[in-house]
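**Student:** So that we are looking at the same thing, I have put the structure below in structure tokens.
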Amino acid sequence: MITNLYIRDFALIESLEIPFQNGMTVLTGESGSGKSLVLDALSSLFGSKCGTGNIRTGKEKYFLQAMLSIPKDSPAFFYLVEQGFRVEADEVLISKELYRDGKSRVKIGDSLASLTHLRELGKRIAEIHTQNEQLILLEKNHQLEYLDKFGNLEGLKSDCKTAFRSYQLWKEKANQSFLAEKELEQKKQNLEFQILEIEKLSPKEGEEEALIEEEKFLTSGEKLADLYRSILEETCDKDDSLLRRFSFLESLLQKIVVIQPDKQVLIDSLQDMKELLVSIKDDIRDEEEELFFSPERLDMVQARLQELQKAKKKLGLSIPEMLQSIQELKSDLEKCEEKVGNKDQILLKKKESLDHLKSIAFQLSKTRRNCIQAFEDEMQKEMSDLGLEGSRLQVVLRWEESPDGDVEEGSKLFYMGESGLDQIEFYFTANLGEKPRPLRKVASGGELSRVMLALRSLLGKHSPAPKILVLDEIDTGLGGETGVTLGKKLKKLSRSSQILLVTHTQQVASQGDHHFRVEKALEGGRTQTLGRFLEEEERKKELARMIGGKRYSENAFLAASDLLNRKAV
């Protein structure tokens with residue numbers, strides 16, 4: 001519950017502090033006094049949008065602050081703890097500042113927070129229905145919850161949620177298995193390709209180096225043959241070759257020795273030179289005879305080298321790496337083929353979990369359809385009691401088609417969620433003979449608030465009401481016995497919830513446990529909104545004003561006294 005609300009520089013409110021209590025607090029005042037500003041401030045404090053236009057003229061920001069009592073077993077408490085906020089003594093102070101540049105500053109306890117934190121906190125502790133804005137709208141998922149609570153379907157719905165999560169788990173595993181299988185198949189194909197390429201190439205250790213040397217030799221073979229032949233010609237084959245010239249030189253030296261016998265040594269040296277030259281000639285002759293040059297062989301060598309180079313580039317491996325990795329590649333391939341995994345088992349589990357989910361979802365959908373008529377009939381009674389005679393609330397239940405749906409019926413696929421297959425929307429008409437249309441589009445603020453109150457009244461026995469219920473002029477157009485009925489309903493709800501209510505109806509106002517009057521005053525040349533709680537006699541006067549205006553009669557005062565005396569206990 002809200003134990004204290006402080007508002008500063010918010011529209012006409014310069015400074016206002018309201019110490020709220022349990023039960024139902026009614027806010028009254030003349031039109032334009034600023035009653036709804038209090039609820040707008042609460043709405044903003046619980047995360048709804050509230051623009052800079054609400055900053056009081058001449059001020060740089062507005063400031064809102066509320067002390068909340070939050071039991072430790074409540075969803076709000078668990079949310080705050082989950083988000084890392086500290087809650088002490090079951091109380092937490094929340095505040096919001098909005099500056100003219102649009103920047104805001106939010107705090108929960110001593111910690112900075114975001115507007116999302118305020119909004120999520122607000123959803124867990126309050127429902128605020130104002131004329132111009134609502135913190136919790138009648139969204140489709142909320143409407144589905146109302147129907148399920150009415151039909152006591154929470155257990156079946158919980159089973160559906162559990163089954164859905166189980167199916168999602170196996171579906172994800174199946175998707176992962178499919179992706180893993182694709183990756184495995186791709187890896188297998190890559191390994192098979194590498195093995196095939198290497199085996200087709202059939203490289204040998206040291207082959208590339210030997211071929212490179214042979215290529216060098218073969219590309220120089222013709223030149224070597226020409227050189228060898230030229231040497232042989234100059235050495236012995238020509239008429240004036242070196243060896244043939246040695247005989248002429250020897251004959252000349254013989255003649256010298258005849259004259260100078262001591263020159264025999266020259267002939268010996270010449271003989272040594274001749275023998276060396278003959279040895280060289282023989283070596284050259286052997287080389288020439290052994291020299292093999294074949295253009296065809298050169299083409300083969302070069303083709304093989306190109307084949308090796310192409311394979312190296314294609315596989316990204318050197319020849320030694322190919323020779324080293326071939327066995328590793330074959331081993332990896334064997335492992336891939338062994339990894340058949342448990343895909344078939346996973347697919348079976350996925351199918352079984354989907355069949356189980358569908359069974360529960362179909363049962364849940366059928367049960368929902370069976371309780372719609374009773375829900376609509378009970379709602380019509382509740383709305384009639386609240387002054388909505390002739391109105392009708394219709395529940396439209398449908399399945400949502402989706403190309404990615406999990407459930408196939410006929411030739412169509414339908415979306416499945418945690419709540420099953422059903423998508424629900426409330427349709428509404430306020431007048432007999434008029435076709436119902438979506439409630440969120442056609443209901444006025446007062447009508448929507450009364451529909452919500454009818455829902456709360458209807459579901460009160462099935463589920464706990466929110467701890468804080470804030471309503472703005474839900475009694476618009478009501479009076480007489482209808483106003484009394486509405487007041488009693490609100491009074492009954494206030495036994496389990498804190499209710500803050502802006503009202504113009506004296507029958508409703510008289511049912512309040514606490515009465516806060518809002519009024520405008522002129523101070524320092526400026527208009528501002530003030531407020532205070534009323535004592536018993538002051539309440540009678542305020543109710544009399546609501547009955548007969550500012551100059552109410554004695555009868556109006558007596559009627560006001562009678563209303564307070566007949567207040568529901």
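Chain lettering (A, B, ...) mirrors the order of the structure tokens, residue numbering begins at 1 for each chain separately, and ligand numbering begins at 1 in order of display.
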Could you list, as an MDAnalysis selection string, every residue within 10 Å of Ser391 in chain A, counting only C-alpha atoms and ignoring same-chain residues fewer than 4 positions away?
**Tutor:** chainID A and resid 379:381 383:384 387 428:434 436 447 451
**Student:** May I have a table of the residues of range 79-106 of chain A lying at most 8 Å from range 29-51 of chain A, giving each one's closest pair of atoms and their distance in Å to one decimal, counting only C-alpha atoms, ordered by chain and ascending residue number, as a Markdown table?
**Tutor:**
```
| residue | atom | partner | partner_atom | distance |
| --- | --- | --- | --- | --- |
| A:Ile94 | CA | A:Leu45 | CA | 7.9 |
| A:Ser95 | CA | A:Leu45 | CA | 6.9 |
| A:Lys96 | CA | A:Leu45 | CA | 6.2 |
| A:Gly102 | CA | A:Gly51 | CA | 7.7 |
```
**Student:** Next, write the just-selected residues to a file, as a CSV table (one decimal), in the first residue's frame, keeping all heavy atoms as the atom set.
**Tutor:**
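What ended up in out_34.csv:
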```csv
chain,number,residue,atom,x,y,z
A,94,ILE,N,10.2,5.5,-3.1
A,94,ILE,CA,10.4,5.7,-4.6
A,94,ILE,C,10.2,7.1,-4.9
A,94,ILE,O,9.4,7.8,-4.3
A,94,ILE,CB,9.5,4.8,-5.4
A,94,ILE,CG1,8.0,5.2,-5.3
A,94,ILE,CG2,9.7,3.3,-5.1
A,94,ILE,CD1,7.1,4.5,-6.2
A,95,SER,N,11.0,7.6,-5.9
A,95,SER,CA,10.9,9.0,-6.2
A,95,SER,C,11.2,9.2,-7.7
A,95,SER,O,11.9,8.4,-8.3
A,95,SER,CB,11.9,9.9,-5.4
A,95,SER,OG,13.2,9.5,-5.7
A,96,LYS,N,10.7,10.3,-8.3
A,96,LYS,CA,10.9,10.6,-9.7
A,96,LYS,C,11.0,12.1,-9.8
A,96,LYS,O,10.1,12.8,-9.3
A,96,LYS,CB,9.8,10.0,-10.5
A,96,LYS,CG,9.8,10.4,-12.0
A,96,LYS,CD,8.7,9.9,-12.8
A,96,LYS,CE,8.7,10.3,-14.2
A,96,LYS,NZ,7.5,9.8,-15.0
A,102,GLY,N,13.6,17.3,-20.5
A,102,GLY,CA,13.1,15.9,-20.7
A,102,GLY,C,13.8,14.8,-20.0
A,102,GLY,O,13.4,13.7,-20.0
```
**Student:** One decimal, Å: what's the distance from CA of Ala443 in chain A over to CA of Ala126 in chain A, could you say?
**Tutor:**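 CA of Ala126 in chain A lies 20.9 Å from CA of Ala443 in chain A.
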**Student:** Do you know which residues are at most 9 Å from Gly23 in chain A counting only C-alpha atoms, after dropping those on the same chain fewer than 3 positions away, and could you put them as a list in words?
**Tutor:**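 Neighbouring residues, sequence-local ones excluded: Lys491, Leu493, Ser494, Arg495, Ser496, Ser497, Gln498, Ile499, Leu500, Gly512, Asp513 and His514 of chain A.
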**Student:** Those same residues - all heavy atoms - I'd like them written as a JSON list (two decimals), in the first residue's frame.
**Tutor:**
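Written file, part.json:
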```json
[["chain", "number", "residue", "atom", "x", "y", "z"],
["A", 491, "LYS", "N", -16.44, -0.50, -1.41],
["A", 491, "LYS", "CA", -16.19, -0.70, 0.01],
["A", 491, "LYS", "C", -15.79, -2.15, 0.29],
["A", 491, "LYS", "O", -14.86, -2.42, 1.06],
["A", 491, "LYS", "CB", -17.46, -0.35, 0.80],
["A", 491, "LYS", "CG", -17.33, -0.54, 2.30],
["A", 491, "LYS", "CD", -16.38, 0.47, 2.90],
["A", 491, "LYS", "CE", -16.37, 0.36, 4.41],
["A", 491, "LYS", "NZ", -15.43, 1.30, 5.02],
["A", 493, "LEU", "N", -14.38, -4.22, -1.84],
["A", 493, "LEU", "CA", -13.04, -4.46, -2.40],
["A", 493, "LEU", "C", -11.96, -3.87, -1.50],
["A", 493, "LEU", "O", -10.84, -4.38, -1.43],
["A", 493, "LEU", "CB", -12.93, -3.83, -3.80],
["A", 493, "LEU", "CG", -13.49, -4.65, -4.96],
["A", 493, "LEU", "CD1", -13.38, -3.84, -6.25],
["A", 493, "LEU", "CD2", -12.76, -5.97, -5.11],
["A", 494, "SER", "N", -12.28, -2.78, -0.81],
["A", 494, "SER", "CA", -11.28, -2.10, 0.01],
["A", 494, "SER", "C", -10.88, -2.91, 1.24],
["A", 494, "SER", "O", -9.93, -2.56, 1.92],
["A", 494, "SER", "CB", -11.80, -0.72, 0.45],
["A", 494, "SER", "OG", -12.84, -0.84, 1.40],
["A", 495, "ARG", "N", -11.61, -4.00, 1.53],
["A", 495, "ARG", "CA", -11.23, -4.84, 2.65],
["A", 495, "ARG", "C", -9.93, -5.61, 2.35],
["A", 495, "ARG", "O", -9.23, -6.02, 3.27],
["A", 495, "ARG", "CB", -12.36, -5.83, 2.96],
["A", 495, "ARG", "CG", -13.62, -5.16, 3.48],
["A", 495, "ARG", "CD", -14.77, -6.14, 3.56],
["A", 495, "ARG", "NE", -16.02, -5.47, 3.96],
["A", 495, "ARG", "CZ", -17.22, -6.04, 3.91],
["A", 495, "ARG", "NH1", -17.33, -7.29, 3.47],
["A", 495, "ARG", "NH2", -18.29, -5.38, 4.27],
["A", 496, "SER", "N", -9.67, -5.83, 1.06],
["A", 496, "SER", "CA", -8.44, -6.54, 0.70],
["A", 496, "SER", "C", -7.48, -5.67, -0.10],
["A", 496, "SER", "O", -6.35, -6.07, -0.35],
["A", 496, "SER", "CB", -8.79, -7.79, -0.14],
["A", 496, "SER", "OG", -9.50, -7.43, -1.31],
["A", 497, "SER", "N", -7.92, -4.50, -0.49],
["A", 497, "SER", "CA", -7.08, -3.61, -1.29],
["A", 497, "SER", "C", -7.18, -2.18, -0.78],
["A", 497, "SER", "O", -8.22, -1.78, -0.24],
["A", 497, "SER", "CB", -7.50, -3.63, -2.77],
["A", 497, "SER", "OG", -7.42, -4.92, -3.30],
["A", 498, "GLN", "N", -6.12, -1.45, -1.00],
["A", 498, "GLN", "CA", -6.18, -0.01, -0.73],
["A", 498, "GLN", "C", -6.76, 0.65, -1.98],
["A", 498, "GLN", "O", -6.26, 0.48, -3.09],
["A", 498, "GLN", "CB", -4.77, 0.53, -0.46],
["A", 498, "GLN", "CG", -4.76, 2.02, -0.13],
["A", 498, "GLN", "CD", -3.34, 2.55, -0.01],
["A", 498, "GLN", "OE1", -2.45, 2.13, -0.72],
["A", 498, "GLN", "NE2", -3.14, 3.49, 0.91],
["A", 499, "ILE", "N", -7.83, 1.40, -1.80],
["A", 499, "ILE", "CA", -8.50, 2.04, -2.94],
["A", 499, "ILE", "C", -8.40, 3.55, -2.80],
["A", 499, "ILE", "O", -8.71, 4.12, -1.76],
["A", 499, "ILE", "CB", -9.98, 1.61, -3.04],
["A", 499, "ILE", "CG1", -10.08, 0.11, -3.34],
["A", 499, "ILE", "CG2", -10.70, 2.41, -4.11],
["A", 499, "ILE", "CD1", -11.50, -0.40, -3.46],
["A", 500, "LEU", "N", -7.96, 4.18, -3.87],
["A", 500, "LEU", "CA", -7.92, 5.65, -3.96],
["A", 500, "LEU", "C", -8.86, 6.02, -5.09],
["A", 500, "LEU", "O", -8.69, 5.58, -6.23],
["A", 500, "LEU", "CB", -6.50, 6.13, -4.26],
["A", 500, "LEU", "CG", -5.38, 5.54, -3.38],
["A", 500, "LEU", "CD1", -4.02, 6.09, -3.82],
["A", 500, "LEU", "CD2", -5.64, 5.86, -1.91],
["A", 512, "GLY", "N", -16.49, 5.98, 1.70],
["A", 512, "GLY", "CA", -15.06, 6.01, 1.94],
["A", 512, "GLY", "C", -14.70, 5.91, 3.42],
["A", 512, "GLY", "O", -15.42, 6.43, 4.28],
["A", 513, "ASP", "N", -13.58, 5.24, 3.69],
["A", 513, "ASP", "CA", -13.07, 5.20, 5.06],
["A", 513, "ASP", "C", -12.38, 6.52, 5.41],
["A", 513, "ASP", "O", -12.34, 6.92, 6.58],
["A", 513, "ASP", "CB", -12.05, 4.06, 5.20],
["A", 513, "ASP", "CG", -12.69, 2.71, 4.97],
["A", 513, "ASP", "OD1", -13.60, 2.34, 5.71],
["A", 513, "ASP", "OD2", -12.27, 2.01, 4.01],
["A", 514, "HIS", "N", -11.85, 7.17, 4.39],
["A", 514, "HIS", "CA", -11.14, 8.44, 4.57],
["A", 514, "HIS", "C", -11.56, 9.36, 3.44],
["A", 514, "HIS", "O", -11.75, 8.94, 2.30],
["A", 514, "HIS", "CB", -9.62, 8.22, 4.54],
["A", 514, "HIS", "CG", -9.19, 6.99, 5.27],
["A", 514, "HIS", "ND1", -9.17, 6.90, 6.64],
["A", 514, "HIS", "CD2", -8.79, 5.77, 4.80],
["A", 514, "HIS", "CE1", -8.78, 5.69, 7.00],
["A", 514, "HIS", "NE2", -8.54, 4.99, 5.89]]
```
**Student:** For CA of Ile424 in chain A and CA of Gln143 in chain A, quote the distance in Å rounded to one decimal.
**Tutor:** 6.7 Å
**Student:** Quick one: of A:Thr235, A:Gln65, A:Asn565, A:Ser553, who's nearest to Lys274 in chain A, counting only C-alpha atoms?
**Tutor:**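 Comparing A:Thr235, A:Gln65, A:Asn565, A:Ser553 against Lys274 in chain A, the winner is A:Thr235.
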**Student:** I'd like the contact shell of Leu329 in chain A - 10 Å cut-off, only C-alpha atoms, skipping same-chain residues fewer than 2 positions apart - returned as a PyMOL selection string.
**Tutor:** chain A and resi 188+190-192+194-195+322+324-327+331-335
**Student:** Which of these, A:Arg8, A:Lys314, A:Lys223, A:Lys103, has the shortest distance to Thr52 in chain A once you count only C-alpha atoms?
**Tutor:**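 Answer, going by the shortest atom-to-atom distance: A:Lys103.
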**Student:** Please provide as a PyMOL selection string all residues within 8 Å of Asn4 in chain A, with the sequence filter that same-chain residues fewer than 4 positions apart are discarded (counting only C-alpha atoms).
**Tutor:** chain A and resi 17-20+66-68
